[in-house]
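Heads up: the structure comes next, in structure tokens.
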Amino acid sequence: MLAKRLLVTIILLPIGLVAIIAGGWYLTALIAIFMCVVAWEYANLFRAGGLQPASVLVIGGTLILLIGRNINGFDSAPWMISLVILLGMTYHLVAYERGRDQAGTDFAVTLAGVLYLGWLGAYFISLRNLPEGKWWILVVLPAVWFADSGAYFIGKRFGRHHLSPRLSPNKTWEGYFGGIVVGVLLSALFAAIWRVGAGPDSAITPLRGALVGLVMGILPTLGDLGESMIKRQMGVKDSGKLLPGHGGAFDRVDSWLWAVVIGYYMIFWLWS
């Protein structure tokens with residue numbers, strides 16, 4: 001399992017790094033492709049549990065929010081979200097008229113998918129578009145991975161007390177706090193390395209990297225647990241089988257969806 005994970009990471013990492021460095025439409029295209037797969041998996045998760053969200057609207061709504069964020073930031077979001085709400089209600093009204101008794105619940109799941117995946121997913125682009133964004137995103141995203149990896153290895157060795165027995169029985173408090181420490185230390189190191197490339201006047205410092213690592217170690221775990229909640233309610237182990245050893249695309253970005261929005265506002269409010 002670990003070997004498969006490492007192989008997939010080795011293959012995908014260069015693609016992601018090139019897109020992050022290039023930014024603009026290159027990054028938007030990569031994020032759009034990946035998040036549309038996530039949206040498709042999201043819809044299928046709920047279908048496995050007997051619900052019928054409008055897959056085309058979840059995927060389409062996610063796509064237009066990502067494209068709009070790249071074109072003009074947050075300016076186009078109000079009319080895009082309004083359009084998706086109206087189309088979603090129309091779609092599920094027709095479904096109810098045709099005999100779908102749970103169409104109201106389906107409508108809620110459709111809108112939740114667009115907002116959770118499209119609105120939050122677009123912060124990958126917003127974070128990259130901040131001043132020094134290509135360096136900040138290379139602090140924020142690895143911080144999650146550092147914390148997650150630290151939690152896994154420390155929890156496996158020292159874990160005794162379950163963090164969330166119903167949602168994720170393998171997570172422990174020992175692993176959680178150990179992951180935070182690892183995230184802080186390695187994020188500070190990465191920030192110091194990126195500062196060399198960004199220049200001496202950069203806003204990125206080891207201390208700020210450590211603060212990002214602290215926040216990324218504490219909060220994005222909730223994204224992982226949130227997806228676990230959906231999967232357990234729907235009776236599904238993984239969101240998909242796209243990535244050997246990793247599961248589905250949703251399984252890979254569940255924590256990052258929290259990280260990019262939290263990281264964006266943290267950096268925007270404090271250091272931009």
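Residues are named by chain letter and number: chains run A, B, ... in the order of the structure tokens, numbers start at 1 in each chain, and ligands are numbered from 1 in the order shown.
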
Please tabulate, as a Markdown table, the residues of stretch 191-236 of chain A that come within 8 Å of stretch 139-147 of chain A, each with its closest pair of atoms and the distance in Å to one decimal, counting only C-alpha atoms and ordering rows by chain, then residue number upward.
```
| residue | atom | partner | partner_atom | distance |
| --- | --- | --- | --- | --- |
| A:Ala191 | CA | A:Val139 | CA | 6.3 |
| A:Gly209 | CA | A:Val139 | CA | 6.7 |
| A:Val212 | CA | A:Val140 | CA | 6.6 |
| A:Gly213 | CA | A:Ala143 | CA | 5.2 |
| A:Met216 | CA | A:Val144 | CA | 5.6 |
| A:Gly217 | CA | A:Ala147 | CA | 5.2 |
| A:Pro220 | CA | A:Val144 | CA | 7.2 |
```

Written selection (N, CA and C atoms) as an mmCIF file, in the first residue's frame:
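Writing the result to selection-v8.cif gives the following:
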```
data_model
loop_
_atom_site.group_PDB
_atom_site.id
_atom_site.type_symbol
_atom_site.label_atom_id
_atom_site.label_comp_id
_atom_site.auth_asym_id
_atom_site.auth_seq_id
_atom_site.Cartn_x
_atom_site.Cartn_y
_atom_site.Cartn_z
ATOM 1 N N ALA A 191 9.494 26.965 4.484
ATOM 2 C CA ALA A 191 9.398 28.417 4.325
ATOM 3 C C ALA A 191 10.790 29.032 4.206
ATOM 4 N N GLY A 209 5.989 30.414 8.370
ATOM 5 C CA GLY A 209 5.806 29.043 7.906
ATOM 6 C C GLY A 209 5.393 28.129 9.041
ATOM 7 N N VAL A 212 1.756 28.739 9.787
ATOM 8 C CA VAL A 212 0.927 28.050 8.795
ATOM 9 C C VAL A 212 0.887 26.560 9.098
ATOM 10 N N GLY A 213 2.046 25.985 9.431
ATOM 11 C CA GLY A 213 2.093 24.563 9.763
ATOM 12 C C GLY A 213 1.244 24.224 10.974
ATOM 13 N N MET A 216 -2.422 24.401 9.816
ATOM 14 C CA MET A 216 -2.712 23.294 8.905
ATOM 15 C C MET A 216 -2.689 21.940 9.620
ATOM 16 N N GLY A 217 -1.949 21.867 10.707
ATOM 17 C CA GLY A 217 -1.962 20.628 11.486
ATOM 18 C C GLY A 217 -3.215 20.478 12.330
ATOM 19 N N PRO A 220 -7.329 21.263 9.078
ATOM 20 C CA PRO A 220 -7.745 20.491 7.900
ATOM 21 C C PRO A 220 -8.087 19.025 8.159
#
```

Each residue of stretch 6-108 of chain A with at least one atom at most 10 Å from stretch 124-131 of chain A should appear once, together with its nearest atom pair and the corresponding distance in Å (one decimal); atoms considered: only C-alpha atoms; ordering: chain, then increasing residue number; output as a tab-separated table.
```
residue	atom	partner	partner_atom	distance
A:Ile20	CA	A:Arg128	CA	7.3
A:Ile21	CA	A:Arg128	CA	9.0
A:Ala22	CA	A:Arg128	CA	9.9
A:Gly23	CA	A:Arg128	CA	6.9
A:Gly24	CA	A:Ile125	CA	8.1
A:Trp25	CA	A:Ile125	CA	9.6
A:Leu27	CA	A:Ile125	CA	7.4
A:Thr28	CA	A:Ile125	CA	6.7
A:Ile31	CA	A:Phe124	CA	7.6
A:Leu66	CA	A:Ile125	CA	7.7
A:Ile67	CA	A:Ile125	CA	9.4
A:Arg69	CA	A:Ile125	CA	7.0
A:Asn70	CA	A:Ile125	CA	6.5
A:Gly73	CA	A:Ser126	CA	7.1
A:Phe74	CA	A:Ser126	CA	9.0
```

Suppose we keep C-alpha atoms; can you now write the selection as a compact mmCIF listing (two decimals), in the first residue's frame?
```txt
# COMPACT_ATOMS: atom_id res chain seq x y z
CA ILE A 20 1.72 25.75 -9.55
CA ILE A 21 4.80 27.49 -10.90
CA ALA A 22 3.07 28.36 -14.19
CA GLY A 23 -0.19 29.48 -12.52
CA GLY A 24 -2.96 31.03 -14.60
CA TRP A 25 -4.85 28.78 -16.97
CA LEU A 27 -3.12 25.61 -12.89
CA THR A 28 -6.84 26.25 -13.46
CA ILE A 31 -7.48 21.91 -10.79
CA LEU A 66 -13.27 27.43 -10.84
CA ILE A 67 -13.17 29.14 -14.24
CA ARG A 69 -12.35 32.51 -10.02
CA ASN A 70 -9.48 32.49 -12.51
CA GLY A 73 -11.65 36.49 -8.79
CA PHE A 74 -14.82 36.64 -6.72
```

Practice prompt. Using only C-alpha atoms, find the one residue out of A:Met229, A:Ala192, A:Leu167, A:Ile81 that sits nearest to A:Ala210.
Written response: A:Ala192

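Among the candidates A:Ala29, A:Trp136, A:Phe250, A:Gly60, the one nearest to A:Arg195 when counting only C-alpha atoms is A:Trp136.
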
Worksheet item: Residues at most 12 Å from A:Asp148, counting only C-alpha atoms, excluding those fewer than 3 positions away in the same chain, as a ChimeraX atom specification?
Response: /A:141-145,151-155,171-172,175-184,213,216-224,252,254-256

Among the residues of stretch 163-222 of chain A, find those DSSP assigns to strand (DSSP E or B) from the backbone and print them as a tab-separated table (two decimals) with C-alpha atoms, in the first residue's frame.
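Once written, states-v5.tsv looks like this:
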```
chain	number	residue	atom	x	y	z
A	163	LEU	CA	-9.44	10.73	18.17
A	164	SER	CA	-12.80	9.99	16.54
A	168	SER	CA	-11.97	7.29	11.75
A	169	PRO	CA	-11.05	4.53	14.23
A	170	ASN	CA	-7.37	4.53	13.20
A	171	LYS	CA	-6.75	8.17	14.12
A	172	THR	CA	-5.40	8.83	17.61
```

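Closest to A:Ser202 among A:Asn72, A:Ser272, A:Ser149, A:Ser187 is A:Ser272, based on only C-alpha atoms.
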
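For the residues A:Asp238, A:Glu132, A:Asp251, A:Glu97, ranking by smallest atom-to-atom distance to A:Trp271 using only C-alpha atoms places A:Glu132 first.
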
Worksheet item: In stretch 29-260 of chain A, what's helix (DSSP H, G or I) per DSSP? Answer as a PyMOL selection string?
Response: chain A and resi 29-48+55-72+77-97+103-121+123-128+133-158+173-198+206-218+221-234+249-260

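Take the candidates A:Gly16, A:Gly49, A:Gly113, A:Gly199 and check each one against A:Lys231 using only C-alpha atoms; the shortest distance goes to A:Gly49.
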
Worksheet entry | Selected residue, from A:Gly197, A:Leu242, A:Ala249, A:Leu65, that lies nearest to A:Lys134 when counting only C-alpha atoms |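 Among the listed residues, A:Gly197 lies closest to A:Lys134.
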
Worksheet item: Near A:Met80, within 10 Å and counting only C-alpha atoms, which residues show up once chain neighbours fewer than 2 positions away are dropped, as number ranges by chain?
Response: A: 61, 64-65, 68, 75-78, 82-85

Those residues you just picked out, can you put them in a file as a short mmCIF file (atom, residue, chain, number, x, y, z; two decimals), in the first residue's frame with N, CA and C atoms?
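Okay, this is what ended up in out.cif:
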```cif
data_model
loop_
_atom_site.label_atom_id
_atom_site.label_comp_id
_atom_site.auth_asym_id
_atom_site.auth_seq_id
_atom_site.Cartn_x
_atom_site.Cartn_y
_atom_site.Cartn_z
N GLY A 61 -21.38 23.01 -12.02
CA GLY A 61 -21.28 24.12 -11.09
C GLY A 61 -19.88 24.27 -10.54
N ILE A 64 -17.68 25.87 -13.41
CA ILE A 64 -17.82 27.30 -13.71
C ILE A 64 -17.31 28.17 -12.57
N LEU A 65 -17.42 27.69 -11.33
CA LEU A 65 -16.87 28.46 -10.21
C LEU A 65 -15.35 28.53 -10.28
N GLY A 68 -14.54 30.90 -13.26
CA GLY A 68 -14.84 32.27 -12.88
C GLY A 68 -13.82 32.84 -11.93
N ASP A 75 -15.70 38.18 -8.43
CA ASP A 75 -16.73 39.04 -9.01
C ASP A 75 -17.88 38.27 -9.63
N SER A 76 -17.59 37.16 -10.29
CA SER A 76 -18.65 36.43 -11.00
C SER A 76 -19.39 35.42 -10.13
N ALA A 77 -18.91 35.21 -8.90
CA ALA A 77 -19.50 34.17 -8.04
C ALA A 77 -20.98 34.37 -7.75
N PRO A 78 -21.47 35.62 -7.46
CA PRO A 78 -22.89 35.77 -7.13
C PRO A 78 -23.84 35.26 -8.22
N SER A 82 -26.14 31.83 -8.00
CA SER A 82 -27.58 32.02 -8.18
C SER A 82 -28.11 31.15 -9.30
N LEU A 83 -27.35 31.07 -10.41
CA LEU A 83 -27.76 30.24 -11.54
C LEU A 83 -27.83 28.78 -11.15
N VAL A 84 -26.84 28.30 -10.43
CA VAL A 84 -26.82 26.89 -10.03
C VAL A 84 -27.99 26.58 -9.10
N ILE A 85 -28.31 27.50 -8.18
CA ILE A 85 -29.44 27.29 -7.27
C ILE A 85 -30.75 27.16 -8.06
#
```
